[in-house]
Amino acid sequence: MTPLEPERVRTLNDLPARDHAQYVLYWSQMNRRVESNQALAYAAQIANENHLPLLVYEGLTCTYPHANDRLHTFMLEAVPGTAKDLKRINAGYFFYLRATRSQPNDVLYRLAERARCVVTDDYPTFIAAAHNSRVPGKIGVQYLAVDASCIIPMSRHEKRAYGAYTIRPKITRELPQYLKPVEQVRIKRAWNDTLLPPGLAALRTTVTVRNIPQLVAGCEIDHSIKPSISFSGGAVNARRHLEVFLETRLSRYARESNQPAKHATSDLSPWLHFGQISALEVALTVREYAEQHKLIADDFLEQLIVRRELAFNFARFTPNVESLDALPEWCKRTMAKHADDPRPWLYTPEQLERAETHDDLWNATQKELLLRGKIHGYYRMYWGKKIIEWSPTYEQALRVMIDLHDIYALDGRDPNTYTNILWCFGLHDRPWGERPVFGQIRYMSLEGMRRKTDTAAYIRDVG
């Protein structure tokens, strides 16, 4: 075990900790778990040092962009397990489901009024990044953000890396220092609900396995996007998937991970995105299993650590990850040169969303997104390249890719998602031979997919 590394912590305002406080407050925004959570561990450390209990606040609102049944259900499915795990370590848990816009939107601020400080997750994209920009100035107490998403803290990188080959040596050098278990959390002073501010207890939402459909149905969200047919939320389900990966897929990963019909990948990205399992726990578990069973896990760990942390590095040092302005200059130049090239096919965003193209493989990848909430990583590259080829502008292609992930993907809104989408436009890649529409950006063809993968098996599988 290792104590929390101070380089994971950022103080985001100039306010002091409250002297006469009732508790320490941890706002769980992105790392919605108890195990292997450095942000929770840091909040617990502060609580124990000040002889205070710890309260964990987790909220789910109806107002985030494209809020729908799929995303709500996956997050709610984790709540009963989180409640059980937090009770085990003596922490309090306040989960608030803001189902309608008429319900209060100030629960965090009211809880902060009695807190010594607020500890939260340091995360470079989507709502957490926006919250960590505007909340610290209004919260009225010390506000601390802790990086519990990356194995090597984001702060260890001083600038944006150009590609995997530039960040890999630094990760390799520093990994032994950080690839260690997080110290087990236990709060010395147990939580008591009488410490809650007056009137707040009535707003707390009780979530059970049975009442999740009812809770979701009562929310002012998009009910047309149904839950995934493949993935259910929660740390228990994440670890079950990890166990399946270890026992049936890890030995095949290096040779079959780019064969979507072979199902050799971990499929852990939904749980990693919502923080229901940590990359650190996965890496340690995979490494240990590989050593015990004399397997080589290098290819998987390359994706989990190097490629994933390259994506977080990109998001950390990029002002707008949803813009083509984030691309290298050579990408912008080649797109400007080929912006007016004729497109062989043109589809509207609605046609693409409904998987109504002439390409059966592409339609299958889109249907996988519609049904499962995730596209196999190798075919997602093909999926994105074809959207570029079939859209009137590069800007529209980018918007379609992001919107489809925001609506349907359980691993959308993630640094990995934005990075992988922009990779289709040349990010973290190199110039290739020039051709229409793409210019020097890498091209992918249906013929190439048929040569390299069993496309027919995948299409049957999705069907």
# chains A, B, ... in the order shown; residues from 1 in each chain; ligands from 1
>>> closest_atom_pairs(of="segment 411-438 of chain A", to="segment 140-149 of chain A", cutoff="12 Å", atoms="only C-alpha atoms", output="Markdown table")
| residue | atom | partner | partner_atom | distance |
| --- | --- | --- | --- | --- |
| A:Asp414 | CA | A:Ser149 | CA | 11.1 |
| A:Pro415 | CA | A:Ser149 | CA | 10.7 |
| A:Asn416 | CA | A:Ser149 | CA | 11.9 |
>>> residues_around(residues="Asn68 of chain A", least_positions_apart="4", cutoff="9 Å", atoms="only C-alpha atoms", output="PDB file with N, CA and C atoms, in the first residue's frame")
ATOM      1  N   CYS A  62     -31.391  15.728 -14.246  1.00  0.00           N
ATOM      2  CA  CYS A  62     -32.085  15.528 -15.527  1.00  0.00           C
ATOM      3  C   CYS A  62     -31.635  16.525 -16.585  1.00  0.00           C
ATOM      4  N   HIS A  72     -28.871   7.229 -17.504  1.00  0.00           N
ATOM      5  CA  HIS A  72     -29.409   7.266 -16.147  1.00  0.00           C
ATOM      6  C   HIS A  72     -29.408   5.871 -15.515  1.00  0.00           C
ATOM      7  N   THR A  73     -29.882   4.881 -16.262  1.00  0.00           N
ATOM      8  CA  THR A  73     -29.975   3.523 -15.719  1.00  0.00           C
ATOM      9  C   THR A  73     -28.614   2.984 -15.323  1.00  0.00           C
ATOM     10  N   VAL A 216     -36.235   6.055 -13.122  1.00  0.00           N
ATOM     11  CA  VAL A 216     -35.884   6.557 -14.452  1.00  0.00           C
ATOM     12  C   VAL A 216     -37.131   7.077 -15.167  1.00  0.00           C
ATOM     13  N   CYS A 219     -38.171  10.669 -14.463  1.00  0.00           N
ATOM     14  CA  CYS A 219     -37.238  11.764 -14.756  1.00  0.00           C
ATOM     15  C   CYS A 219     -37.608  12.467 -16.066  1.00  0.00           C
ATOM     16  N   GLU A 220     -37.366  13.766 -16.092  1.00  0.00           N
ATOM     17  CA  GLU A 220     -37.585  14.552 -17.308  1.00  0.00           C
ATOM     18  C   GLU A 220     -36.380  14.406 -18.235  1.00  0.00           C
ATOM     19  N   ILE A 221     -36.302  13.249 -18.872  1.00  0.00           N
ATOM     20  CA  ILE A 221     -35.185  12.928 -19.763  1.00  0.00           C
ATOM     21  C   ILE A 221     -35.737  12.264 -21.015  1.00  0.00           C
ATOM     22  N   ASP A 222     -34.866  11.948 -21.945  1.00  0.00           N
ATOM     23  CA  ASP A 222     -35.254  11.295 -23.183  1.00  0.00           C
ATOM     24  C   ASP A 222     -35.498   9.804 -22.916  1.00  0.00           C
ATOM     25  N   HIS A 223     -36.746   9.384 -22.997  1.00  0.00           N
ATOM     26  CA  HIS A 223     -37.080   7.984 -22.717  1.00  0.00           C
ATOM     27  C   HIS A 223     -37.026   7.111 -23.963  1.00  0.00           C
ATOM     28  N   SER A 224     -36.638   7.668 -25.098  1.00  0.00           N
ATOM     29  CA  SER A 224     -36.575   6.868 -26.328  1.00  0.00           C
ATOM     30  C   SER A 224     -35.274   6.085 -26.439  1.00  0.00           C
ATOM     31  N   ILE A 225     -34.251   6.452 -25.663  1.00  0.00           N
ATOM     32  CA  ILE A 225     -32.961   5.747 -25.705  1.00  0.00           C
ATOM     33  C   ILE A 225     -32.950   4.722 -24.583  1.00  0.00           C
ATOM     34  N   LYS A 226     -33.197   3.482 -24.927  1.00  0.00           N
ATOM     35  CA  LYS A 226     -33.374   2.437 -23.927  1.00  0.00           C
ATOM     36  C   LYS A 226     -32.036   1.969 -23.347  1.00  0.00           C
ATOM     37  N   PRO A 227     -32.065   1.340 -22.167  1.00  0.00           N
ATOM     38  CA  PRO A 227     -30.827   0.825 -21.572  1.00  0.00           C
ATOM     39  C   PRO A 227     -30.107  -0.155 -22.493  1.00  0.00           C
ATOM     40  N   ILE A 407     -25.215  10.642 -27.031  1.00  0.00           N
ATOM     41  CA  ILE A 407     -26.566  10.109 -26.870  1.00  0.00           C
ATOM     42  C   ILE A 407     -26.553   8.622 -26.517  1.00  0.00           C
ATOM     43  N   TYR A 408     -25.759   7.851 -27.233  1.00  0.00           N
ATOM     44  CA  TYR A 408     -25.889   6.388 -27.154  1.00  0.00           C
ATOM     45  C   TYR A 408     -24.768   5.682 -26.406  1.00  0.00           C
TER      46      TYR A 408
END
>>> closest_atom_pairs(of="segment 206-290 of chain A", to="segment 80-100 of chain A", cutoff="10 Å", atoms="only C-alpha atoms", output="tab-separated table")
residue	atom	partner	partner_atom	distance
A:Thr206	CA	A:Phe95	CA	7.5
A:Val207	CA	A:Pro80	CA	6.1
A:Thr208	CA	A:Pro80	CA	5.8
A:Val209	CA	A:Pro80	CA	7.1
A:Leu215	CA	A:Ala99	CA	8.0
A:Val216	CA	A:Ala99	CA	8.1
A:Ala217	CA	A:Ala99	CA	9.3
A:Gly218	CA	A:Ala99	CA	6.5
A:Cys219	CA	A:Ala99	CA	4.2
A:Glu220	CA	A:Thr100	CA	5.4
A:Ile221	CA	A:Ala99	CA	8.3
A:Gly233	CA	A:Gly81	CA	9.9
A:Gly234	CA	A:Gly81	CA	6.7
A:Ala235	CA	A:Gly81	CA	7.2
A:Val236	CA	A:Gly81	CA	7.7
A:Gln276	CA	A:Thr82	CA	9.1
>>> atom_distance(atom1="atom CA of Glu356 of chain A", atom2="atom CA of Ser257 of chain A")
27.4 Å
>>> closest_atom_pairs(of="segment 193-287 of chain A", to="segment 9-27 of chain A", cutoff="10 Å", atoms="only C-alpha atoms", output="JSON lines")
{"residue": "A:Leu195", "atom": "CA", "partner": "A:Gln22", "partner_atom": "CA", "distance": 6.5}
{"residue": "A:Leu196", "atom": "CA", "partner": "A:Gln22", "partner_atom": "CA", "distance": 8.6}
{"residue": "A:Pro197", "atom": "CA", "partner": "A:Gln22", "partner_atom": "CA", "distance": 9.8}
>>> write_last_selection(atoms="N, CA and C atoms", output="mmCIF file, in the first residue's frame")
data_model
loop_
_atom_site.group_PDB
_atom_site.id
_atom_site.type_symbol
_atom_site.label_atom_id
_atom_site.label_comp_id
_atom_site.auth_asym_id
_atom_site.auth_seq_id
_atom_site.Cartn_x
_atom_site.Cartn_y
_atom_site.Cartn_z
ATOM 1 N N LEU A 195 -26.258 14.975 11.452
ATOM 2 C CA LEU A 195 -25.335 16.043 11.063
ATOM 3 C C LEU A 195 -25.778 16.767 9.799
ATOM 4 N N LEU A 196 -26.757 16.224 9.081
ATOM 5 C CA LEU A 196 -27.219 16.861 7.851
ATOM 6 C C LEU A 196 -27.882 18.204 8.140
ATOM 7 N N PRO A 197 -27.720 19.185 7.247
ATOM 8 C CA PRO A 197 -28.434 20.456 7.403
ATOM 9 C C PRO A 197 -29.941 20.217 7.415
#
>>> closest_residue(among="A:Arg308, A:His51, A:Arg240, A:Arg450", to="Ile151 of chain A", atoms="only C-alpha atoms")
A:Arg308
>>> closest_residue(among="A:Leu327, A:Ile296, A:Ala279, A:Ala315", to="Arg413 of chain A", atoms="only C-alpha atoms")
A:Ala315
>>> atom_distance(atom1="atom CA of Trp432 of chain A", atom2="atom CA of Tyr378 of chain A")
18.9 Å
>>> closest_residue(among="A:Val462, A:Cys331, A:Ala326, A:Cys117", to="Ile441 of chain A", atoms="only C-alpha atoms")
A:Cys331
>>> closest_residue(among="A:Pro53, A:Pro65, A:Pro124, A:Gly463", to="Phe317 of chain A", atoms="only C-alpha atoms")
A:Pro124
>>> closest_residue(among="A:Asn50, A:Asn313, A:Gln366, A:Asn105", to="Arg189 of chain A", atoms="only C-alpha atoms")
A:Asn50
>>> closest_residue(among="A:Glu350, A:Asp454, A:Asp106, A:Glu158", to="Ile139 of chain A", atoms="only C-alpha atoms")
A:Asp106
>>> residues_around(residues="Tyr382 of chain A", least_positions_apart="3", cutoff="9 Å", atoms="only C-alpha atoms", output="PDB file with C-alpha atoms, in the first residue's frame")
ATOM      1  CA  TRP A 362     -20.861   0.409 -41.187  1.00  0.00           C
ATOM      2  CA  THR A 365     -21.176  -0.786 -36.181  1.00  0.00           C
ATOM      3  CA  TYR A 378     -11.128  -1.255 -34.143  1.00  0.00           C
ATOM      4  CA  TYR A 379     -14.374  -0.881 -36.030  1.00  0.00           C
ATOM      5  CA  LYS A 385     -13.539   7.444 -41.157  1.00  0.00           C
ATOM      6  CA  LYS A 386     -16.674   6.712 -43.163  1.00  0.00           C
ATOM      7  CA  ILE A 387     -18.604   9.516 -41.469  1.00  0.00           C
ATOM      8  CA  CYS A 424     -10.038   9.846 -37.310  1.00  0.00           C
ATOM      9  CA  TYR A 443      -7.925   6.286 -44.985  1.00  0.00           C
ATOM     10  CA  MET A 444      -9.722   3.037 -44.136  1.00  0.00           C
ATOM     11  CA  SER A 445     -11.651   0.983 -46.689  1.00  0.00           C
ATOM     12  CA  LEU A 446     -14.285  -1.719 -46.587  1.00  0.00           C
ATOM     13  CA  MET A 449     -11.699  -4.445 -43.218  1.00  0.00           C
TER      14      MET A 449
END
>>> atom_distance(atom1="atom CA of Arg372 of chain A", atom2="atom CA of Ser228 of chain A")
4.8 Å
